[in-house]
$ cat work_17.pdb   # PDB, C-alpha atoms
ATOM      1  CA  MET V   1       0.000   0.000   0.000  1.00  0.00           C
ATOM      2  CA  LYS V   2       1.252   3.462  -0.872  1.00  0.00           C
ATOM      3  CA  ILE V   3       0.143   6.349   1.320  1.00  0.00           C
ATOM      4  CA  GLU V   4       0.580   9.934   0.256  1.00  0.00           C
ATOM      5  CA  GLN V   5      -0.138  12.984   2.355  1.00  0.00           C
ATOM      6  CA  THR V   6      -1.271  16.068   0.440  1.00  0.00           C
ATOM      7  CA  SER V   7      -2.081  19.663   1.277  1.00  0.00           C
ATOM      8  CA  ILE V   8      -5.648  20.813   0.903  1.00  0.00           C
ATOM      9  CA  THR V   9      -6.901  24.346   1.287  1.00  0.00           C
ATOM     10  CA  LYS V  10     -10.126  24.530   3.267  1.00  0.00           C
ATOM     11  CA  LEU V  11     -12.272  27.654   3.207  1.00  0.00           C
ATOM     12  CA  LYS V  12     -15.261  28.163   5.492  1.00  0.00           C
ATOM     13  CA  LEU V  13     -17.601  30.890   4.249  1.00  0.00           C
ATOM     14  CA  THR V  14     -20.148  32.195   6.742  1.00  0.00           C
ATOM     15  CA  ASP V  15     -22.447  35.196   7.067  1.00  0.00           C
ATOM     16  CA  LEU V  16     -23.306  34.968   3.383  1.00  0.00           C
ATOM     17  CA  LYS V  17     -26.286  36.943   2.169  1.00  0.00           C
ATOM     18  CA  GLY V  18     -29.051  34.498   1.206  1.00  0.00           C
ATOM     19  CA  LEU V  19     -26.855  31.398   1.589  1.00  0.00           C
ATOM     20  CA  ASP V  20     -26.091  28.912   4.313  1.00  0.00           C
ATOM     21  CA  PRO V  21     -22.429  28.455   5.315  1.00  0.00           C
ATOM     22  CA  VAL V  22     -20.259  27.001   2.545  1.00  0.00           C
ATOM     23  CA  THR V  23     -17.219  24.783   3.112  1.00  0.00           C
ATOM     24  CA  VAL V  24     -14.740  24.601   0.225  1.00  0.00           C
ATOM     25  CA  PHE V  25     -11.888  22.097  -0.240  1.00  0.00           C
ATOM     26  CA  ILE V  26      -9.278  22.918  -2.885  1.00  0.00           C
ATOM     27  CA  GLU V  27      -6.555  20.484  -3.860  1.00  0.00           C
ATOM     28  CA  ASP V  28      -3.797  21.129  -6.372  1.00  0.00           C
ATOM     29  CA  HIS V  29      -2.427  17.721  -7.415  1.00  0.00           C
ATOM     30  CA  GLU V  30       0.283  19.143  -9.666  1.00  0.00           C
ATOM     31  CA  PRO V  31       0.552  22.183 -11.957  1.00  0.00           C
ATOM     32  CA  GLY V  32      -2.484  22.160 -14.230  1.00  0.00           C
ATOM     33  CA  LYS V  33      -4.323  19.423 -12.336  1.00  0.00           C
ATOM     34  CA  GLY V  34      -6.572  19.861  -9.341  1.00  0.00           C
ATOM     35  CA  GLU V  35     -10.026  19.659  -7.902  1.00  0.00           C
ATOM     36  CA  ILE V  36     -12.569  21.543  -5.876  1.00  0.00           C
ATOM     37  CA  THR V  37     -15.250  20.181  -3.570  1.00  0.00           C
ATOM     38  CA  PHE V  38     -17.741  22.285  -1.684  1.00  0.00           C
ATOM     39  CA  LYS V  39     -20.781  21.721   0.421  1.00  0.00           C
ATOM     40  CA  CYS V  40     -23.674  23.849   1.523  1.00  0.00           C
ATOM     41  CA  TYR V  41     -26.748  22.824   3.501  1.00  0.00           C
ATOM     42  CA  GLY V  42     -26.204  19.090   3.114  1.00  0.00           C
ATOM     43  CA  LYS V  43     -25.521  19.189  -0.622  1.00  0.00           C
ATOM     44  CA  SER V  44     -22.087  18.853  -2.146  1.00  0.00           C
ATOM     45  CA  TRP V  45     -20.476  19.457  -5.525  1.00  0.00           C
ATOM     46  CA  SER V  46     -17.096  18.318  -6.776  1.00  0.00           C
ATOM     47  CA  TYR V  47     -15.072  18.511  -9.989  1.00  0.00           C
ATOM     48  CA  TYR V  48     -11.580  17.518 -11.114  1.00  0.00           C
ATOM     49  CA  TRP V  49      -9.725  19.383 -13.845  1.00  0.00           C
ATOM     50  CA  GLY V  50      -6.893  17.496 -15.503  1.00  0.00           C
ATOM     51  CA  GLY V  51      -5.973  20.264 -17.922  1.00  0.00           C
ATOM     52  CA  MET V  52      -5.987  23.777 -16.464  1.00  0.00           C
ATOM     53  CA  GLY V  53      -2.857  24.955 -18.217  1.00  0.00           C
ATOM     54  CA  ALA V  54       0.111  25.342 -15.877  1.00  0.00           C
ATOM     55  CA  GLY V  55      -1.809  27.010 -13.055  1.00  0.00           C
ATOM     56  CA  ALA V  56      -3.484  26.135  -9.792  1.00  0.00           C
ATOM     57  CA  VAL V  57      -7.161  25.663  -8.969  1.00  0.00           C
ATOM     58  CA  ILE V  58      -7.869  29.088  -7.433  1.00  0.00           C
ATOM     59  CA  PRO V  59      -6.646  31.245 -10.345  1.00  0.00           C
ATOM     60  CA  PHE V  60      -8.240  28.819 -12.808  1.00  0.00           C
ATOM     61  CA  PHE V  61     -11.589  28.885 -10.960  1.00  0.00           C
ATOM     62  CA  LEU V  62     -11.499  32.697 -10.883  1.00  0.00           C
ATOM     63  CA  SER V  63     -10.799  32.868 -14.616  1.00  0.00           C
ATOM     64  CA  CYS V  64     -13.761  30.668 -15.554  1.00  0.00           C
ATOM     65  CA  ASN V  65     -17.266  31.770 -16.503  1.00  0.00           C
ATOM     66  CA  ASP V  66     -19.851  30.942 -13.803  1.00  0.00           C
ATOM     67  CA  ASP V  67     -21.995  29.002 -16.282  1.00  0.00           C
ATOM     68  CA  TYR V  68     -19.000  26.865 -17.296  1.00  0.00           C
ATOM     69  CA  LEU V  69     -18.275  26.063 -13.644  1.00  0.00           C
ATOM     70  CA  ALA V  70     -21.926  25.314 -12.864  1.00  0.00           C
ATOM     71  CA  ASN V  71     -22.126  23.039 -15.903  1.00  0.00           C
ATOM     72  CA  CYS V  72     -19.044  21.133 -14.665  1.00  0.00           C
ATOM     73  CA  LEU V  73     -20.441  20.792 -11.157  1.00  0.00           C
ATOM     74  CA  TRP V  74     -24.115  20.152 -12.009  1.00  0.00           C
ATOM     75  CA  ASP V  75     -25.543  16.644 -11.689  1.00  0.00           C
ATOM     76  CA  HIS V  76     -26.606  16.100 -15.303  1.00  0.00           C
ATOM     77  CA  SER V  77     -29.042  13.351 -14.353  1.00  0.00           C
ATOM     78  CA  ARG V  78     -31.228  16.197 -13.029  1.00  0.00           C
ATOM     79  CA  GLN V  79     -33.122  18.690 -15.144  1.00  0.00           C
ATOM     80  CA  GLN V  80     -31.449  22.051 -15.556  1.00  0.00           C
ATOM     81  CA  TYR V  81     -34.515  23.836 -16.951  1.00  0.00           C
ATOM     82  CA  GLU V  82     -38.193  23.819 -16.108  1.00  0.00           C
ATOM     83  CA  PHE V  83     -41.338  25.183 -17.719  1.00  0.00           C
ATOM     84  CA  ASP V  84     -41.855  28.921 -17.133  1.00  0.00           C
ATOM     85  CA  GLY V  85     -45.605  29.413 -16.698  1.00  0.00           C
ATOM     86  CA  ASP V  86     -45.248  33.140 -16.043  1.00  0.00           C
ATOM     87  CA  GLY V  87     -43.214  33.527 -19.218  1.00  0.00           C
ATOM     88  CA  LEU V  88     -45.837  31.685 -21.268  1.00  0.00           C
ATOM     89  CA  GLU V  89     -48.630  33.827 -19.834  1.00  0.00           C
ATOM     90  CA  LYS V  90     -46.700  36.998 -20.759  1.00  0.00           C
ATOM     91  CA  ILE V  91     -46.182  35.777 -24.336  1.00  0.00           C
ATOM     92  CA  ILE V  92     -49.870  34.915 -24.725  1.00  0.00           C
ATOM     93  CA  LYS V  93     -51.048  38.236 -23.262  1.00  0.00           C
ATOM     94  CA  LYS V  94     -48.626  40.192 -25.437  1.00  0.00           C
ATOM     95  CA  THR V  95     -49.857  38.301 -28.504  1.00  0.00           C
ATOM     96  CA  LEU V  96     -53.491  38.899 -27.519  1.00  0.00           C
ATOM     97  CA  LEU V  97     -52.931  42.636 -27.129  1.00  0.00           C
ATOM     98  CA  ALA V  98     -51.161  42.887 -30.480  1.00  0.00           C
ATOM     99  CA  ARG V  99     -53.854  40.905 -32.313  1.00  0.00           C
ATOM    100  CA  ARG V 100     -56.610  42.942 -30.635  1.00  0.00           C
ATOM    101  CA  ARG V 101     -54.959  46.249 -31.610  1.00  0.00           C
ATOM    102  CA  GLU V 102     -54.626  44.972 -35.174  1.00  0.00           C
ATOM    103  CA  GLY V 103     -58.357  44.153 -35.145  1.00  0.00           C
ATOM    104  CA  PHE V 104     -57.938  40.420 -35.736  1.00  0.00           C
ATOM    105  CA  ILE V 105     -59.716  39.228 -32.592  1.00  0.00           C
ATOM    106  CA  GLU V 106     -62.924  40.296 -30.889  1.00  0.00           C
ATOM    107  CA  LYS V 107     -63.054  42.195 -27.602  1.00  0.00           C
ATOM    108  CA  THR V 108     -64.884  39.467 -25.640  1.00  0.00           C
ATOM    109  CA  PHE V 109     -62.522  36.734 -26.846  1.00  0.00           C
ATOM    110  CA  ALA V 110     -59.503  38.872 -25.928  1.00  0.00           C
ATOM    111  CA  ARG V 111     -60.971  39.557 -22.463  1.00  0.00           C
ATOM    112  CA  ASP V 112     -61.819  35.890 -21.861  1.00  0.00           C
ATOM    113  CA  MET V 113     -58.332  34.811 -22.932  1.00  0.00           C
ATOM    114  CA  PHE V 114     -56.674  37.543 -20.881  1.00  0.00           C
ATOM    115  CA  ASP V 115     -58.399  36.221 -17.762  1.00  0.00           C
ATOM    116  CA  VAL V 116     -57.070  32.672 -18.210  1.00  0.00           C
ATOM    117  CA  SER V 117     -54.407  31.656 -15.709  1.00  0.00           C
ATOM    118  CA  GLY V 118     -52.497  28.417 -15.377  1.00  0.00           C
ATOM    119  CA  TRP V 119     -51.663  28.122 -19.068  1.00  0.00           C
ATOM    120  CA  GLU V 120     -49.607  25.001 -18.403  1.00  0.00           C
ATOM    121  CA  ASP V 121     -52.939  23.152 -18.102  1.00  0.00           C
ATOM    122  CA  TYR V 122     -53.848  24.069 -21.689  1.00  0.00           C
ATOM    123  CA  MET V 123     -50.515  23.875 -23.535  1.00  0.00           C
ATOM    124  CA  PRO V 124     -49.418  20.786 -25.466  1.00  0.00           C
ATOM    125  CA  ARG V 125     -47.472  18.243 -23.384  1.00  0.00           C
ATOM    126  CA  HIS V 126     -45.764  16.762 -26.443  1.00  0.00           C
ATOM    127  CA  THR V 127     -45.092  17.929 -29.977  1.00  0.00           C
ATOM    128  CA  TYR V 128     -47.976  15.793 -31.262  1.00  0.00           C
ATOM    129  CA  ASP V 129     -50.488  17.189 -28.750  1.00  0.00           C
ATOM    130  CA  GLU V 130     -52.761  20.154 -29.356  1.00  0.00           C
ATOM    131  CA  TRP V 131     -53.566  23.156 -27.207  1.00  0.00           C
ATOM    132  CA  ARG V 132     -56.622  22.566 -25.003  1.00  0.00           C
ATOM    133  CA  CYS V 133     -59.294  25.248 -24.989  1.00  0.00           C
ATOM    134  CA  PRO V 134     -60.105  26.796 -21.587  1.00  0.00           C
ATOM    135  CA  MET V 135     -63.733  26.086 -20.583  1.00  0.00           C
ATOM    136  CA  PHE V 136     -65.168  29.612 -20.807  1.00  0.00           C
ATOM    137  CA  VAL V 137     -63.445  30.559 -24.106  1.00  0.00           C
ATOM    138  CA  ASP V 138     -65.123  30.195 -27.507  1.00  0.00           C
ATOM    139  CA  GLU V 139     -63.629  27.026 -28.984  1.00  0.00           C
ATOM    140  CA  ASP V 140     -63.698  28.140 -32.651  1.00  0.00           C
ATOM    141  CA  GLU V 141     -62.013  31.468 -31.897  1.00  0.00           C
ATOM    142  CA  PHE V 142     -59.475  29.689 -29.693  1.00  0.00           C
ATOM    143  CA  LYS V 143     -58.636  27.184 -32.420  1.00  0.00           C
ATOM    144  CA  GLU V 144     -58.155  30.006 -34.939  1.00  0.00           C
ATOM    145  CA  PHE V 145     -55.943  31.937 -32.472  1.00  0.00           C
ATOM    146  CA  VAL V 146     -53.821  28.836 -31.814  1.00  0.00           C
ATOM    147  CA  GLU V 147     -53.396  28.073 -35.514  1.00  0.00           C
ATOM    148  CA  ASP V 148     -52.626  31.702 -36.281  1.00  0.00           C
ATOM    149  CA  ARG V 149     -50.316  32.577 -33.365  1.00  0.00           C
ATOM    150  CA  LEU V 150     -49.642  29.913 -30.738  1.00  0.00           C
ATOM    151  CA  CYS V 151     -48.661  26.944 -32.874  1.00  0.00           C
ATOM    152  CA  ASP V 152     -45.212  28.418 -33.554  1.00  0.00           C
ATOM    153  CA  ILE V 153     -44.287  29.929 -30.193  1.00  0.00           C
ATOM    154  CA  GLU V 154     -41.409  28.489 -28.241  1.00  0.00           C
ATOM    155  CA  ILE V 155     -42.551  27.362 -24.807  1.00  0.00           C
ATOM    156  CA  PRO V 156     -40.437  29.370 -22.329  1.00  0.00           C
ATOM    157  CA  GLU V 157     -38.175  27.677 -19.807  1.00  0.00           C
ATOM    158  CA  ARG V 158     -36.185  28.904 -16.832  1.00  0.00           C
ATOM    159  CA  LEU V 159     -33.305  27.503 -14.820  1.00  0.00           C
ATOM    160  CA  VAL V 160     -34.390  25.284 -11.929  1.00  0.00           C
ATOM    161  CA  GLY V 161     -33.979  26.746  -8.454  1.00  0.00           C
ATOM    162  CA  ASP V 162     -31.160  24.368  -7.467  1.00  0.00           C
ATOM    163  CA  TYR V 163     -29.092  25.431 -10.491  1.00  0.00           C
ATOM    164  CA  CYS V 164     -29.584  29.111  -9.574  1.00  0.00           C
ATOM    165  CA  TYR V 165     -28.580  28.204  -5.994  1.00  0.00           C
ATOM    166  CA  LEU V 166     -25.387  26.586  -7.343  1.00  0.00           C
ATOM    167  CA  LEU V 167     -24.605  29.742  -9.335  1.00  0.00           C
ATOM    168  CA  ARG V 168     -24.989  31.848  -6.173  1.00  0.00           C
ATOM    169  CA  ILE V 169     -22.637  29.518  -4.267  1.00  0.00           C
ATOM    170  CA  ILE V 170     -20.069  29.734  -7.081  1.00  0.00           C
ATOM    171  CA  GLY V 171     -20.302  33.532  -6.896  1.00  0.00           C
ATOM    172  CA  ALA V 172     -19.673  33.480  -3.139  1.00  0.00           C
ATOM    173  CA  ILE V 173     -16.685  31.130  -3.551  1.00  0.00           C
ATOM    174  CA  LYS V 174     -15.191  33.372  -6.245  1.00  0.00           C
ATOM    175  CA  GLU V 175     -15.635  36.404  -4.009  1.00  0.00           C
ATOM    176  CA  ALA V 176     -13.813  34.603  -1.164  1.00  0.00           C
ATOM    177  CA  MET V 177     -11.018  33.480  -3.507  1.00  0.00           C
ATOM    178  CA  MET V 178     -10.530  37.044  -4.739  1.00  0.00           C
ATOM    179  CA  GLU V 179     -10.234  38.242  -1.136  1.00  0.00           C
ATOM    180  CA  LEU V 180      -7.606  35.554  -0.479  1.00  0.00           C
ATOM    181  CA  GLN V 181      -5.583  36.741  -3.439  1.00  0.00           C
ATOM    182  CA  GLN V 182      -5.592  40.392  -2.257  1.00  0.00           C
ATOM    183  CA  PRO V 183      -2.326  41.436  -0.623  1.00  0.00           C
ATOM    184  CA  ILE V 184      -2.759  41.859   3.133  1.00  0.00           C
ATOM    185  CA  ALA V 185      -2.594  45.538   4.120  1.00  0.00           C
ATOM    186  CA  ALA V 186      -0.002  46.326   6.761  1.00  0.00           C
TER     187      ALA V 186
END
$ encode --input "work_17.pdb" --output "structure tokens"
Amino acid sequence: MKIEQTSITKLKLTDLKGLDPVTVFIEDHEPGKGEITFKCYGKSWSYYWGGMGAGAVIPFFLSCNDDYLANCLWDHSRQQYEFDGDGLEKIIKKTLLARRREGFIEKTFARDMFDVSGWEDYMPRHTYDEWRCPMFVDEDEFKEFVEDRLCDIEIPERLVGDYCYLLRIIGAIKEAMMELQQPIAA
């Protein structure tokens, strides 16, 4: 058995705005190779870089884009995006207003459609599905509106909360690393 003792930098970040304490472990294996592991509120993330140029983990981590780092650290078996119901409602309402101003839809239909909430209940679940008409909306006018305007819209998505949480943690770690790299004032 071969046993090797290595040096690891441990950072403990506390009093973070909107985050629980974060513990960070940084290990430089050799120039250009290293890893980072951090944990926050019972969750942990870890990544090994085998090709960082000739540098160490901290300067490399600071030089990277937050999205790149999050993509490295994210568990890709989990969804990164989710349906954005608020975004879909905004698109539909904007489309309704434009079509109403142009005179292509009637006032009552526009009002009935504007009052619909929970559009995820009416949107297609799959590419082969159709939009479902809300109960109190005229079905013929709805079908015409869908064929004219909604059939080609891209259903909006947003990042899941855990991914946004990871981005905030990465930001806090970068801030701490930058402070570590500042020369200490005498």
$ resolve_selection --input "work_17.pdb" --expression "the PyMOL selection byres ((chain V and resi 3-16) around 12)" --output "ChimeraX atom specification"
/V:1-2,17-30,34-41,56-58,168-177,179-180
$ closest_residue --input "work_17.pdb" --among "V:Ala110, V:Leu73, V:Ile155, V:Val116" --to "Met135 of chain V" --atoms "all atoms listed in the file"
V:Val116
$ resolve_selection --input "work_17.pdb" --expression "the PyMOL selection byres ((chain V and resi 136) around 10)" --output "PyMOL selection string"
chain V and resi 109+112-113+115-116+133-135+137-139
$ resolve_selection --input "work_17.pdb" --expression "the PyMOL selection byres ((chain V and resi 80) around 6)" --output "MDAnalysis selection string"
chainID V and resid 79 81 159:160
$ write_last_selection --input "work_17.pdb" --atoms "C-alpha atoms" --output "JSON list (two decimals), in the coordinates of the input"
[["chain", "number", "residue", "atom", "x", "y", "z"],
["V", 79, "GLN", "CA", -33.12, 18.69, -15.14],
["V", 81, "TYR", "CA", -34.52, 23.84, -16.95],
["V", 159, "LEU", "CA", -33.30, 27.50, -14.82],
["V", 160, "VAL", "CA", -34.39, 25.28, -11.93]]
$ closest_residue --input "work_17.pdb" --among "V:Arg78, V:Lys33, V:Arg149, V:Lys43" --to "Lys94 of chain V" --atoms "all atoms listed in the file"
V:Arg149
$ atom_distance --input "work_17.pdb" --atom1 "atom CA of Asp129 of chain V" --atom2 "atom CA of Arg100 of chain V"
26.5 Å
$ axis_aligned_box --input "work_17.pdb" --around "segment 6-19 of chain V" --padding-each-side "4 Å" --output "AutoDock Vina command-line options"
--center_x -15.2 --center_y 26.5 --center_z 3.8 --size_x 35.8 --size_y 28.9 --size_z 14.6
$ closest_residue --input "work_17.pdb" --among "V:Leu62, V:Gln182, V:Ile92, V:Leu166" --to "Tyr122 of chain V" --atoms "all atoms listed in the file"
V:Ile92
$ atom_distance --input "work_17.pdb" --atom1 "atom CA of Ile91 of chain V" --atom2 "atom CA of Phe114 of chain V"
11.2 Å
$ residues_around --input "work_17.pdb" --residues "Trp74 of chain V" --least-positions-apart "4" --cutoff "8 Å" --atoms "all atoms listed in the file" --output "PDB file with C-alpha atoms, in the coordinates of the input"
ATOM      1  CA  TRP V  45     -20.476  19.457  -5.525  1.00  0.00           C
ATOM      2  CA  ALA V  70     -21.926  25.314 -12.864  1.00  0.00           C
ATOM      3  CA  TYR V 163     -29.092  25.431 -10.491  1.00  0.00           C
TER       4      TYR V 163
END
$ atom_distance --input "work_17.pdb" --atom1 "atom CA of Phe61 of chain V" --atom2 "atom CA of Tyr47 of chain V"
11.0 Å
$ closest_residue --input "work_17.pdb" --among "V:Asp140, V:Asp67, V:Asp121, V:Asp75" --to "Ile105 of chain V" --atoms "only C-alpha atoms"
V:Asp140
$ decode --input "work_17.pdb" --residues "segment 106-137 of chain V" --atoms "N, CA and C atoms" --output "mmCIF file, in the first residue's frame"
data_model
loop_
_atom_site.group_PDB
_atom_site.id
_atom_site.type_symbol
_atom_site.label_atom_id
_atom_site.label_comp_id
_atom_site.auth_asym_id
_atom_site.auth_seq_id
_atom_site.Cartn_x
_atom_site.Cartn_y
_atom_site.Cartn_z
ATOM 1 N N GLU V 106 -61.835 39.552 -31.515
ATOM 2 C CA GLU V 106 -62.924 40.296 -30.889
ATOM 3 C C GLU V 106 -62.599 40.644 -29.431
ATOM 4 N N LYS V 107 -63.270 41.692 -28.950
ATOM 5 C CA LYS V 107 -63.054 42.195 -27.602
ATOM 6 C C LYS V 107 -63.366 41.135 -26.533
ATOM 7 N N THR V 108 -64.493 40.447 -26.660
ATOM 8 C CA THR V 108 -64.884 39.467 -25.640
ATOM 9 C C THR V 108 -63.909 38.286 -25.616
ATOM 10 N N PHE V 109 -63.493 37.839 -26.793
ATOM 11 C CA PHE V 109 -62.522 36.734 -26.846
ATOM 12 C C PHE V 109 -61.210 37.167 -26.188
ATOM 13 N N ALA V 110 -60.747 38.368 -26.513
ATOM 14 C CA ALA V 110 -59.503 38.872 -25.928
ATOM 15 C C ALA V 110 -59.621 38.950 -24.402
ATOM 16 N N ARG V 111 -60.766 39.440 -23.907
ATOM 17 C CA ARG V 111 -60.971 39.557 -22.463
ATOM 18 C C ARG V 111 -60.999 38.181 -21.804
ATOM 19 N N ASP V 112 -61.746 37.248 -22.418
ATOM 20 C CA ASP V 112 -61.819 35.890 -21.861
ATOM 21 C C ASP V 112 -60.434 35.240 -21.815
ATOM 22 N N MET V 113 -59.673 35.404 -22.871
ATOM 23 C CA MET V 113 -58.332 34.811 -22.932
ATOM 24 C C MET V 113 -57.388 35.496 -21.940
ATOM 25 N N PHE V 114 -57.537 36.795 -21.785
ATOM 26 C CA PHE V 114 -56.674 37.543 -20.881
ATOM 27 C C PHE V 114 -56.875 37.108 -19.435
ATOM 28 N N ASP V 115 -58.078 36.642 -19.125
ATOM 29 C CA ASP V 115 -58.399 36.221 -17.762
ATOM 30 C C ASP V 115 -57.959 34.795 -17.437
ATOM 31 N N VAL V 116 -57.507 34.051 -18.439
ATOM 32 C CA VAL V 116 -57.070 32.672 -18.210
ATOM 33 C C VAL V 116 -55.758 32.689 -17.422
ATOM 34 N N SER V 117 -55.673 31.838 -16.429
ATOM 35 C CA SER V 117 -54.407 31.656 -15.709
ATOM 36 C C SER V 117 -54.090 30.166 -15.704
ATOM 37 N N GLY V 118 -52.882 29.827 -15.387
ATOM 38 C CA GLY V 118 -52.497 28.417 -15.377
ATOM 39 C C GLY V 118 -52.410 27.837 -16.774
ATOM 40 N N TRP V 119 -51.733 28.556 -17.671
ATOM 41 C CA TRP V 119 -51.663 28.122 -19.068
ATOM 42 C C TRP V 119 -51.003 26.763 -19.250
ATOM 43 N N GLU V 120 -50.232 26.315 -18.270
ATOM 44 C CA GLU V 120 -49.607 25.001 -18.403
ATOM 45 C C GLU V 120 -50.646 23.886 -18.494
ATOM 46 N N ASP V 121 -51.869 24.150 -18.002
ATOM 47 C CA ASP V 121 -52.939 23.152 -18.102
ATOM 48 C C ASP V 121 -53.490 23.032 -19.520
ATOM 49 N N TYR V 122 -53.256 24.038 -20.342
ATOM 50 C CA TYR V 122 -53.848 24.069 -21.689
ATOM 51 C C TYR V 122 -52.823 23.862 -22.810
ATOM 52 N N MET V 123 -51.542 23.993 -22.496
ATOM 53 C CA MET V 123 -50.515 23.875 -23.535
ATOM 54 C C MET V 123 -50.276 22.410 -23.902
ATOM 55 N N PRO V 124 -49.724 22.164 -25.066
ATOM 56 C CA PRO V 124 -49.418 20.786 -25.466
ATOM 57 C C PRO V 124 -48.331 20.189 -24.569
ATOM 58 N N ARG V 125 -48.484 18.927 -24.204
ATOM 59 C CA ARG V 125 -47.472 18.243 -23.384
ATOM 60 C C ARG V 125 -46.361 17.674 -24.264
ATOM 61 N N HIS V 126 -46.714 17.348 -25.490
ATOM 62 C CA HIS V 126 -45.764 16.762 -26.443
ATOM 63 C C HIS V 126 -45.947 17.464 -27.786
ATOM 64 N N THR V 127 -45.014 17.264 -28.674
ATOM 65 C CA THR V 127 -45.092 17.929 -29.977
ATOM 66 C C THR V 127 -46.309 17.481 -30.788
ATOM 67 N N TYR V 128 -46.819 16.298 -30.520
ATOM 68 C CA TYR V 128 -47.976 15.793 -31.262
ATOM 69 C C TYR V 128 -49.305 16.150 -30.598
ATOM 70 N N ASP V 129 -49.260 16.770 -29.431
ATOM 71 C CA ASP V 129 -50.488 17.189 -28.750
ATOM 72 C C ASP V 129 -50.964 18.535 -29.288
ATOM 73 N N GLU V 130 -52.202 18.857 -28.969
ATOM 74 C CA GLU V 130 -52.761 20.154 -29.356
ATOM 75 C C GLU V 130 -53.030 20.975 -28.102
ATOM 76 N N TRP V 131 -53.171 22.278 -28.303
ATOM 77 C CA TRP V 131 -53.566 23.156 -27.207
ATOM 78 C C TRP V 131 -54.983 22.795 -26.796
ATOM 79 N N ARG V 132 -55.272 22.814 -25.504
ATOM 80 C CA ARG V 132 -56.622 22.566 -25.003
ATOM 81 C C ARG V 132 -57.302 23.909 -24.733
ATOM 82 N N CYS V 133 -58.546 24.004 -25.132
ATOM 83 C CA CYS V 133 -59.294 25.248 -24.989
ATOM 84 C C CYS V 133 -59.804 25.403 -23.550
ATOM 85 N N PRO V 134 -59.533 26.549 -22.921
ATOM 86 C CA PRO V 134 -60.105 26.796 -21.587
ATOM 87 C C PRO V 134 -61.630 26.762 -21.653
ATOM 88 N N MET V 135 -62.287 26.338 -20.591
ATOM 89 C CA MET V 135 -63.733 26.086 -20.583
ATOM 90 C C MET V 135 -64.580 27.276 -21.013
ATOM 91 N N PHE V 136 -64.292 28.465 -20.560
ATOM 92 C CA PHE V 136 -65.168 29.612 -20.807
ATOM 93 C C PHE V 136 -64.778 30.417 -22.053
ATOM 94 N N VAL V 137 -63.893 29.871 -22.891
ATOM 95 C CA VAL V 137 -63.445 30.559 -24.106
ATOM 96 C C VAL V 137 -64.111 29.899 -25.316
#
